[in-house]
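Trainee: Provided below: model_36.csv, containing CSV, C-alpha atoms.
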```
chain,number,residue,atom,x,y,z
H,1,MET,CA,15.7,210.1,-88.4
H,2,ASP,CA,17.4,206.7,-87.6
H,3,PHE,CA,17.2,204.7,-84.4
H,4,LEU,CA,20.6,205.7,-83.1
H,5,THR,CA,19.8,209.4,-83.4
H,6,LEU,CA,16.5,208.9,-81.6
H,7,PHE,CA,18.2,206.9,-78.9
H,8,ALA,CA,21.0,209.5,-78.4
H,9,ILE,CA,18.4,212.2,-78.1
H,10,TYR,CA,16.5,210.1,-75.5
H,11,VAL,CA,19.6,209.5,-73.4
H,12,ALA,CA,20.7,213.1,-73.7
H,13,VAL,CA,17.4,214.5,-72.5
H,14,VAL,CA,17.3,212.1,-69.5
H,15,LEU,CA,20.9,213.0,-68.5
H,16,THR,CA,20.3,216.7,-69.1
H,17,CYS,CA,17.3,216.6,-66.8
H,18,ILE,CA,19.2,214.9,-64.1
H,19,LEU,CA,22.1,217.3,-64.3
H,20,LEU,CA,19.9,220.4,-64.4
H,21,ILE,CA,17.9,219.3,-61.4
H,22,CYS,CA,21.0,218.4,-59.4
H,23,ARG,CA,22.8,221.7,-60.4
H,24,TYR,CA,20.0,224.2,-59.9
H,25,SER,CA,17.9,222.5,-57.2
H,26,GLY,CA,16.6,225.2,-54.8
H,27,GLN,CA,17.7,228.2,-56.8
H,28,GLN,CA,15.2,230.8,-57.8
H,29,GLN,CA,16.8,231.7,-61.1
H,30,THR,CA,17.5,228.7,-63.4
H,31,PRO,CA,18.1,228.3,-67.1
H,32,LEU,CA,14.7,226.6,-67.3
H,33,ASN,CA,13.0,229.5,-65.6
H,34,THR,CA,14.8,232.0,-67.9
H,35,LEU,CA,13.8,230.0,-71.0
H,36,LEU,CA,10.2,229.7,-69.9
H,37,ASN,CA,10.0,233.4,-69.1
H,38,CYS,CA,11.4,234.3,-72.6
H,39,ILE,CA,8.9,232.0,-74.3
H,40,ALA,CA,6.1,233.4,-72.3
H,41,ASN,CA,7.1,237.0,-73.1
H,42,VAL,CA,7.3,236.2,-76.9
H,43,ALA,CA,4.0,234.2,-76.9
H,44,ALA,CA,2.1,236.7,-74.7
H,45,PRO,CA,0.9,239.0,-77.6
H,46,PHE,CA,-0.4,236.0,-79.6
H,47,THR,CA,-2.0,234.0,-76.7
H,48,PRO,CA,-5.8,234.4,-76.1
H,49,LYS,CA,-6.7,236.0,-72.8
H,50,TRP,CA,-8.9,233.1,-71.8
H,51,LEU,CA,-6.0,230.6,-72.4
H,52,THR,CA,-3.6,232.7,-70.3
H,53,GLU,CA,-6.1,232.9,-67.4
H,54,LEU,CA,-6.9,229.2,-67.6
H,55,SER,CA,-3.2,228.3,-67.5
H,56,GLN,CA,-2.6,230.7,-64.5
H,57,ARG,CA,-5.6,229.2,-62.6
H,58,THR,CA,-4.4,225.7,-63.3
H,59,LEU,CA,-0.9,226.3,-62.1
H,60,HIS,CA,-2.2,228.2,-59.1
H,61,ARG,CA,-4.5,225.3,-58.3
H,62,LEU,CA,-1.7,222.7,-58.7
H,63,PHE,CA,1.1,224.5,-56.8
H,64,HIS,CA,-0.5,227.0,-54.5
H,65,GLN,CA,-3.5,225.2,-53.2
H,66,ARG,CA,-3.9,221.8,-51.7
H,67,SER,CA,-4.7,219.3,-54.5
H,68,ASN,CA,-4.8,215.5,-54.8
H,69,MET,CA,-3.7,215.7,-58.5
H,70,PHE,CA,-0.1,214.7,-57.8
H,71,ILE,CA,-1.2,211.9,-55.6
H,72,TYR,CA,-3.3,210.5,-58.4
H,73,MET,CA,-0.4,211.0,-60.8
H,74,HIS,CA,1.9,209.2,-58.4
H,75,ILE,CA,-0.5,206.2,-58.2
H,76,LEU,CA,-1.0,206.2,-62.0
H,77,LEU,CA,2.7,206.1,-62.8
H,78,GLU,CA,3.3,203.5,-60.2
H,79,ALA,CA,0.5,201.3,-61.6
H,80,ALA,CA,1.9,201.7,-65.1
H,81,VAL,CA,5.3,200.5,-64.0
H,82,TYR,CA,4.0,197.6,-62.0
H,83,ALA,CA,1.6,196.6,-64.8
H,84,GLU,CA,4.5,196.4,-67.3
H,85,PHE,CA,6.8,194.7,-64.8
H,86,THR,CA,4.1,192.1,-64.0
H,87,TYR,CA,2.9,191.6,-67.5
H,88,GLU,CA,6.2,191.2,-69.3
H,89,VAL,CA,9.3,191.3,-67.2
H,90,PHE,CA,8.0,188.9,-64.5
H,91,GLY,CA,7.4,186.1,-67.1
H,92,TYR,CA,10.7,186.5,-68.8
H,93,CYS,CA,12.5,186.4,-65.4
H,94,ARG,CA,10.7,183.2,-64.5
H,95,GLU,CA,11.9,181.6,-67.7
H,96,MET,CA,15.4,182.6,-66.8
H,97,ASP,CA,15.2,180.9,-63.4
H,98,THR,CA,15.1,184.1,-61.4
H,99,THR,CA,13.9,183.0,-57.9
H,100,LEU,CA,10.4,183.9,-56.6
H,101,THR,CA,12.1,185.5,-53.6
H,102,ASN,CA,13.9,188.0,-55.8
H,103,LEU,CA,10.7,188.7,-57.8
H,104,ALA,CA,8.7,189.2,-54.7
H,105,VAL,CA,11.0,192.0,-53.4
H,106,PRO,CA,9.4,194.7,-55.6
H,107,TYR,CA,5.9,193.9,-54.3
H,108,ILE,CA,7.1,193.9,-50.7
H,109,LEU,CA,8.8,197.2,-51.2
H,110,LEU,CA,5.5,198.5,-52.8
H,111,ALA,CA,3.6,197.5,-49.6
H,112,VAL,CA,6.2,199.2,-47.4
H,113,LYS,CA,6.3,202.3,-49.6
H,114,SER,CA,2.5,202.5,-49.7
H,115,PHE,CA,2.4,202.4,-45.9
H,116,PHE,CA,4.8,205.3,-45.4
H,117,PHE,CA,3.1,207.1,-48.3
H,118,TYR,CA,-0.2,206.9,-46.5
H,119,LEU,CA,1.4,208.2,-43.3
H,120,CYS,CA,2.9,211.1,-45.1
H,121,ILE,CA,-0.5,212.0,-46.5
H,122,SER,CA,-2.6,211.5,-43.4
H,123,ARG,CA,-0.4,212.4,-40.4
H,124,ASP,CA,-0.4,215.9,-39.0
H,125,PRO,CA,3.1,217.5,-39.6
H,126,GLY,CA,3.0,219.4,-36.4
H,127,THR,CA,0.4,222.2,-36.7
H,128,ILE,CA,0.9,225.0,-34.3
H,129,THR,CA,-2.2,225.9,-32.3
H,130,LYS,CA,-3.0,228.2,-29.4
H,131,VAL,CA,-3.4,225.2,-27.1
H,132,LYS,CA,0.0,223.9,-28.1
H,133,VAL,CA,1.7,227.3,-27.8
H,134,SER,CA,0.2,227.5,-24.3
H,135,ALA,CA,1.4,224.0,-23.5
H,136,GLY,CA,5.0,225.1,-24.1
H,137,GLN,CA,5.6,224.7,-27.8
H,138,LEU,CA,7.5,228.0,-27.9
H,139,HIS,CA,10.2,226.4,-25.8
H,140,VAL,CA,10.9,223.3,-27.8
H,141,TYR,CA,13.7,225.0,-29.7
H,142,PRO,CA,15.7,228.1,-28.7
H,143,TYR,CA,15.8,231.1,-31.0
H,144,GLU,CA,19.2,231.5,-32.6
H,145,ARG,CA,18.4,235.2,-33.6
H,146,LYS,CA,19.7,234.6,-37.1
H,147,LEU,CA,16.8,233.0,-39.0
H,148,PHE,CA,14.4,232.8,-36.1
H,149,HIS,CA,13.6,235.6,-33.6
H,150,PRO,CA,11.6,235.7,-30.5
H,151,GLY,CA,8.3,237.6,-30.4
H,152,ILE,CA,7.5,237.4,-34.1
H,153,SER,CA,3.8,236.7,-34.8
H,154,CYS,CA,2.3,235.0,-37.8
H,155,PRO,CA,0.0,237.6,-39.4
H,156,THR,CA,-2.3,234.9,-40.7
H,157,CYS,CA,-2.6,232.5,-37.7
H,158,GLN,CA,-2.2,235.3,-35.1
H,159,LEU,CA,0.2,233.2,-33.1
H,160,ILE,CA,3.7,233.8,-31.7
H,161,LYS,CA,5.9,231.7,-34.0
H,162,PRO,CA,8.1,229.1,-32.3
H,163,ALA,CA,11.7,228.7,-33.5
H,164,ARG,CA,12.1,226.6,-36.6
H,165,SER,CA,8.4,227.1,-37.6
H,166,LYS,CA,7.0,228.5,-40.7
H,167,HIS,CA,3.6,229.4,-42.1
H,168,CYS,CA,2.7,227.3,-45.2
H,169,ARG,CA,0.6,229.3,-47.6
H,170,VAL,CA,-0.6,226.2,-49.3
H,171,CYS,CA,-2.0,224.5,-46.2
H,172,ASN,CA,-2.7,227.9,-44.5
H,173,ARG,CA,-1.2,226.9,-41.1
H,174,CYS,CA,2.0,227.3,-39.2
H,175,VAL,CA,4.1,224.1,-38.8
H,176,GLN,CA,6.6,223.1,-36.1
H,177,ARG,CA,10.1,222.4,-37.5
H,178,PHE,CA,8.8,223.1,-41.0
H,179,ASP,CA,10.8,221.5,-43.8
H,180,HIS,CA,8.7,222.0,-47.0
H,181,HIS,CA,5.3,221.4,-48.5
H,182,CYS,CA,5.4,218.3,-50.7
H,183,VAL,CA,2.9,218.3,-53.5
H,184,TRP,CA,3.3,214.5,-54.0
H,185,VAL,CA,1.8,213.8,-50.6
H,186,ASN,CA,-0.4,217.0,-50.5
H,187,ASN,CA,0.9,217.7,-47.0
H,188,CYS,CA,3.6,219.7,-45.2
H,189,ILE,CA,6.7,217.9,-43.9
H,190,GLY,CA,7.3,218.9,-40.4
H,191,ALA,CA,8.4,217.7,-36.9
H,192,GLN,CA,5.8,214.9,-36.7
H,193,ASN,CA,6.1,213.3,-40.1
H,194,THR,CA,9.7,213.9,-41.3
H,195,ARG,CA,10.6,210.3,-40.3
H,196,TYR,CA,7.8,209.0,-42.4
H,197,PHE,CA,8.9,211.1,-45.4
H,198,LEU,CA,12.5,209.9,-45.1
H,199,LEU,CA,11.4,206.3,-45.0
H,200,TYR,CA,9.0,206.9,-47.9
H,201,LEU,CA,11.9,208.3,-50.0
H,202,PHE,CA,14.2,205.4,-49.3
H,203,SER,CA,11.5,202.8,-49.9
H,204,LEU,CA,10.5,204.5,-53.2
H,205,CYS,CA,14.2,204.7,-54.2
H,206,ALA,CA,14.8,201.0,-53.4
H,207,MET,CA,11.6,200.0,-55.3
H,208,ALA,CA,12.7,201.8,-58.4
H,209,GLY,CA,16.3,200.5,-58.1
H,210,ASP,CA,15.2,196.9,-57.6
H,211,ILE,CA,12.8,196.8,-60.6
H,212,ALA,CA,15.5,198.5,-62.7
H,213,LEU,CA,18.0,195.8,-61.7
H,214,LEU,CA,15.6,192.9,-62.4
H,215,THR,CA,14.7,194.4,-65.8
H,216,GLY,CA,18.4,195.0,-66.7
H,217,ASP,CA,19.3,191.5,-65.6
H,218,MET,CA,16.5,190.1,-67.8
H,219,LEU,CA,17.7,192.1,-70.8
H,220,LEU,CA,21.3,190.9,-70.2
H,221,HIS,CA,20.2,187.3,-70.1
H,222,VAL,CA,18.1,187.7,-73.3
H,223,THR,CA,21.2,189.1,-75.0
H,224,LEU,CA,23.5,186.3,-73.9
H,225,ARG,CA,21.0,183.5,-74.7
H,226,SER,CA,20.2,184.9,-78.1
H,227,GLY,CA,23.9,185.0,-79.1
H,228,LEU,CA,23.6,188.6,-80.3
H,229,LEU,CA,27.1,189.6,-79.2
H,230,GLY,CA,28.6,187.0,-81.6
H,231,ALA,CA,26.2,187.6,-84.5
H,232,SER,CA,26.8,189.4,-87.7
H,233,TYR,CA,24.5,191.3,-90.2
H,234,ILE,CA,24.5,192.7,-93.7
H,235,ASP,CA,24.6,196.5,-93.8
H,236,GLU,CA,23.1,198.8,-96.4
H,237,TYR,CA,26.2,198.4,-98.6
H,238,GLU,CA,25.7,194.6,-98.5
H,239,GLN,CA,28.8,194.3,-96.3
H,240,GLN,CA,28.9,191.8,-93.5
H,241,GLN,CA,29.4,193.5,-90.1
H,242,GLN,CA,30.0,192.2,-86.6
H,243,ALA,CA,27.1,193.0,-84.3
H,244,GLY,CA,28.3,195.5,-81.7
H,245,PRO,CA,26.8,197.1,-78.6
H,246,LEU,CA,24.8,199.7,-80.7
H,247,PHE,CA,23.3,196.9,-82.8
H,248,VAL,CA,22.3,195.0,-79.6
H,249,ILE,CA,20.7,198.1,-78.1
H,250,GLN,CA,18.8,198.7,-81.3
H,251,HIS,CA,17.6,195.1,-81.4
H,252,LEU,CA,16.5,195.2,-77.7
H,253,PHE,CA,14.8,198.6,-78.3
H,254,LEU,CA,12.8,197.3,-81.2
H,255,THR,CA,12.0,193.9,-79.5
H,256,PHE,CA,11.1,195.3,-76.1
H,257,PRO,CA,10.1,199.0,-76.6
H,258,ARG,CA,7.9,199.3,-73.5
H,259,ILE,CA,10.4,197.6,-71.3
H,260,ILE,CA,13.3,199.8,-72.5
H,261,PHE,CA,11.3,203.0,-72.0
H,262,MET,CA,10.3,201.7,-68.5
H,263,LEU,CA,13.9,201.0,-67.7
H,264,GLY,CA,14.9,204.5,-68.8
H,265,PHE,CA,12.2,206.0,-66.7
H,266,LEU,CA,13.2,204.0,-63.6
H,267,VAL,CA,16.9,204.9,-64.0
H,268,PHE,CA,15.9,208.6,-64.2
H,269,VAL,CA,13.6,208.3,-61.2
H,270,PHE,CA,16.2,206.3,-59.2
H,271,PHE,CA,19.0,208.8,-59.6
H,272,LEU,CA,16.7,211.7,-58.9
H,273,LEU,CA,15.3,210.1,-55.8
H,274,ALA,CA,18.7,209.0,-54.6
H,275,GLY,CA,20.0,212.5,-54.8
H,276,TYR,CA,17.0,213.9,-53.0
H,277,ALA,CA,17.1,211.2,-50.3
H,278,LEU,CA,20.8,211.8,-49.7
H,279,PHE,CA,20.2,215.5,-49.4
H,280,HIS,CA,17.5,215.0,-46.8
H,281,SER,CA,19.6,212.4,-45.0
H,282,PHE,CA,22.4,215.0,-44.8
H,283,LEU,CA,19.9,217.5,-43.4
H,284,ALA,CA,18.8,214.9,-40.8
H,285,LEU,CA,22.3,214.2,-39.7
H,286,VAL,CA,23.1,217.9,-39.1
H,287,ASN,CA,19.6,218.6,-37.7
H,288,GLN,CA,18.6,221.2,-40.4
H,289,THR,CA,15.5,221.5,-42.4
H,290,SER,CA,15.4,222.3,-46.1
H,291,ASN,CA,13.6,225.6,-45.2
H,292,GLU,CA,16.6,226.5,-43.0
H,293,TRP,CA,19.1,225.3,-45.7
H,294,TYR,CA,17.5,227.5,-48.4
H,295,LYS,CA,17.4,230.5,-46.1
H,296,SER,CA,21.0,230.0,-45.1
H,297,GLN,CA,21.9,230.0,-48.9
H,298,GLY,CA,20.0,233.3,-49.3
H,299,TYR,CA,16.9,232.0,-51.0
H,300,THR,CA,14.2,233.6,-48.9
H,301,CYS,CA,10.5,234.1,-49.7
H,302,GLN,CA,9.4,237.7,-50.1
H,303,HIS,CA,6.3,236.9,-48.0
H,304,CYS,CA,8.5,235.4,-45.1
H,305,GLN,CA,11.0,238.2,-44.6
H,306,PRO,CA,11.6,239.2,-41.0
H,307,THR,CA,9.9,242.3,-39.7
H,308,PRO,CA,12.0,245.4,-39.0
H,309,THR,CA,12.1,244.5,-35.4
H,310,ALA,CA,13.6,241.1,-36.3
H,311,ASN,CA,16.2,242.8,-38.4
H,312,GLN,CA,17.2,244.9,-35.5
H,313,LEU,CA,17.4,241.8,-33.4
H,314,SER,CA,19.6,240.0,-35.9
H,315,SER,CA,22.3,242.5,-35.3
H,316,THR,CA,22.5,241.3,-31.7
H,317,ALA,CA,22.9,237.7,-32.7
H,318,PRO,CA,25.2,235.8,-30.3
H,319,ASP,CA,28.9,235.5,-31.3
H,320,HIS,CA,28.7,231.7,-30.9
H,321,PHE,CA,26.3,231.3,-33.8
H,322,LYS,CA,27.2,228.5,-36.1
H,323,ARG,CA,25.9,227.1,-39.3
H,324,TYR,CA,24.3,224.0,-37.8
H,325,TYR,CA,23.0,225.7,-34.7
H,326,TYR,CA,20.5,223.0,-33.8
H,327,SER,CA,22.9,220.0,-34.3
H,328,ARG,CA,23.5,218.0,-31.2
H,329,GLY,CA,25.5,215.1,-32.6
H,330,ILE,CA,24.5,212.5,-35.2
H,331,LEU,CA,22.8,210.1,-32.9
H,332,ARG,CA,20.8,212.7,-31.1
H,333,ASN,CA,19.9,214.4,-34.4
H,334,LEU,CA,18.5,211.2,-35.8
H,335,GLY,CA,16.8,210.5,-32.5
H,336,GLU,CA,15.1,213.9,-32.8
H,337,ILE,CA,13.8,212.9,-36.3
H,338,PHE,CA,12.3,209.6,-35.2
H,339,PHE,CA,11.3,210.7,-31.8
H,340,PRO,CA,10.2,214.4,-32.1
H,341,LEU,CA,10.8,216.7,-29.2
H,342,LYS,CA,7.7,217.4,-27.1
H,343,PRO,CA,6.5,220.8,-25.8
H,344,VAL,CA,7.7,221.6,-22.3
H,345,ARG,CA,6.5,224.4,-20.0
H,346,LYS,CA,9.2,226.8,-19.0
H,347,LYS,CA,9.6,226.8,-15.3
H,348,ALA,CA,8.6,230.1,-13.6
H,349,ASN,CA,11.3,231.7,-11.6
```
Any chance you could give the structure as structure tokens?
Mentor:
Amino acid sequence: MDFLTLFAIYVAVVLTCILLICRYSGQQQTPLNTLLNCIANVAAPFTPKWLTELSQRTLHRLFHQRSNMFIYMHILLEAAVYAEFTYEVFGYCREMDTTLTNLAVPYILLAVKSFFFYLCISRDPGTITKVKVSAGQLHVYPYERKLFHPGISCPTCQLIKPARSKHCRVCNRCVQRFDHHCVWVNNCIGAQNTRYFLLYLFSLCAMAGDIALLTGDMLLHVTLRSGLLGASYIDEYEQQQQAGPLFVIQHLFLTFPRIIFMLGFLVFVFFLLAGYALFHSFLALVNQTSNEWYKSQGYTCQHCQPTPTANQLSSTAPDHFKRYYYSRGILRNLGEIFFPLKPVRKKAN
């Protein structure tokens, strides 16, 4: 298999992953799930029982219990990218007169990202407790009687659930203004740490984009200084051919293999994070959580279905219900993200 075929497969896999994630994000039935289920059904009769149990326990441990595995993976991938950037790209950029200010930006972004990453991990997302419920947490948000209904208790926490809250089975707690549980920070994202999560996403996206730009600029300068675009070569038929873009890409791939693979990884991560950050920015602007967005699209968890009483209540939902029920205008919505609403006691009549 020649280089161009390998490179085409590499590009096709990266683009396919981006398209599939963007197309089927949040959906319960996806082509990948269907394919994996088919493979599992075919392989089940030939798979040892101990291997099946081990894989199930491992997946349960990773995705259904709190685990630092993804935090360690995050740090490892980050260390690998910065090691390659510092060891190779940084030196080439200095030779090409890239300013130290530009080269310092990725390290500044790393410090900023690490700060928000730590806050996402360590800060309480807005755990609901008896004390907070008594202090007026039930009245922070009104019940819109569509997704959230008054008087519904959490069977695990034994607490009345405030509007916009949800019980996280991974953390085993109810969270105020629950958005989602993020395995990469091993914590829920809720009312008290959504702002840190948004800033973490944007700083991580900026970090990947900046390193990718510096790396791409370095490769461009290498190509221009080497005169590859005006060069020629002798092909397998002993014919002289003008070096084109494919020849340049092949030359760069063979000369800087680690840098090219790092650049491909960064581009993939950048577009993935950019889409995810834009999605959460949209939710922040309309004052909606991803939990509420998924529910409004019909993707509800079987363990979180309303009780029969709630179903009866839903039939009496007010006529003025709207899709973005909790939206109060862009500025006030953003203010609510960065300055979360505090519990207030309802005045007695």
Trainee: Around (15.7, 212.9, -36.2), as given in the file, which residues come within 10 Å? Count only C-alpha atoms and list them as a list in words.
Mentor: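 Using only C-alpha atoms, the matching residues come out as Ala191, Thr194, Arg195, Leu198, Ser281, Leu283, Ala284, Leu285, Val286, Asn287, Gln288, Ile330, Leu331, Arg332, Asn333, Leu334, Gly335, Glu336, Ile337, Phe338, Phe339, Pro340 and Leu341 of chain H.
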Trainee: Would you kindly return, as a VMD selection string, each protein, DNA or RNA residue with an atom no farther than 8 Å from any atom of Ile189 of chain H, considering only C-alpha atoms and excluding same-chain residues fewer than 4 positions away?
Mentor: chain H and resid 120 125 178 to 182 193 to 194 197
Trainee: Pick out the residues sitting within 12 Å of Leu213 of chain H, and hand them over as a PyMOL selection string; count only C-alpha atoms, and ignore anything fewer than 3 positions along from it in its own chain.
Mentor: chain H and resi 85+89+93+102-103+105-106+206-210+216-220+262-264+266-267+270
Trainee: Env of Phe247 of chain H: 10 Å cut, atoms = only C-alpha atoms, seq-sep filter 2 positions within chain, self excluded. Answer as a list in words.
Mentor: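 So the residues in contact are Leu4, Leu228, Leu229, Ala231, Ser232, Tyr233, Gln242, Ala243, Gly244, Pro245, Ile249, Gln250, His251, Leu252 and Phe253 of chain H.
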Trainee: Keeping only C-alpha atoms, take the residues you just selected and write them out as a tab-separated table (two decimals), in the coordinates of the input.
Mentor:
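As written to disk, out.tsv reads:
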```tsv
chain	number	residue	atom	x	y	z
H	4	LEU	CA	20.60	205.70	-83.10
H	228	LEU	CA	23.60	188.60	-80.30
H	229	LEU	CA	27.10	189.60	-79.20
H	231	ALA	CA	26.20	187.60	-84.50
H	232	SER	CA	26.80	189.40	-87.70
H	233	TYR	CA	24.50	191.30	-90.20
H	242	GLN	CA	30.00	192.20	-86.60
H	243	ALA	CA	27.10	193.00	-84.30
H	244	GLY	CA	28.30	195.50	-81.70
H	245	PRO	CA	26.80	197.10	-78.60
H	249	ILE	CA	20.70	198.10	-78.10
H	250	GLN	CA	18.80	198.70	-81.30
H	251	HIS	CA	17.60	195.10	-81.40
H	252	LEU	CA	16.50	195.20	-77.70
H	253	PHE	CA	14.80	198.60	-78.30
```
Trainee: So how far away is atom CA of Trp184 of chain H from atom CA of Phe70 of chain H, in Å?
Mentor: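 Between atom CA of Phe70 of chain H and atom CA of Trp184 of chain H the gap works out to 5.1 Å.
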Trainee: The residues within 10 Å of (5.0, 206.3, -42.1), using all atoms listed in the file and the coordinates of the file, should be reported as a ChimeraX atom specification; which are they?
Mentor: /H:112-123,193-200
Trainee: To one decimal place, how far is atom CA of Lys146 of chain H from atom CA of His64 of chain H in Å?
Mentor: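 Calculated distance between atom CA of Lys146 of chain H and atom CA of His64 of chain H is 27.7 Å.
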Trainee: Give me, please, the distance in Å between atom CA of Arg164 of chain H and atom CA of Arg177 of chain H, quoted to one decimal.
Mentor: 4.7 Å
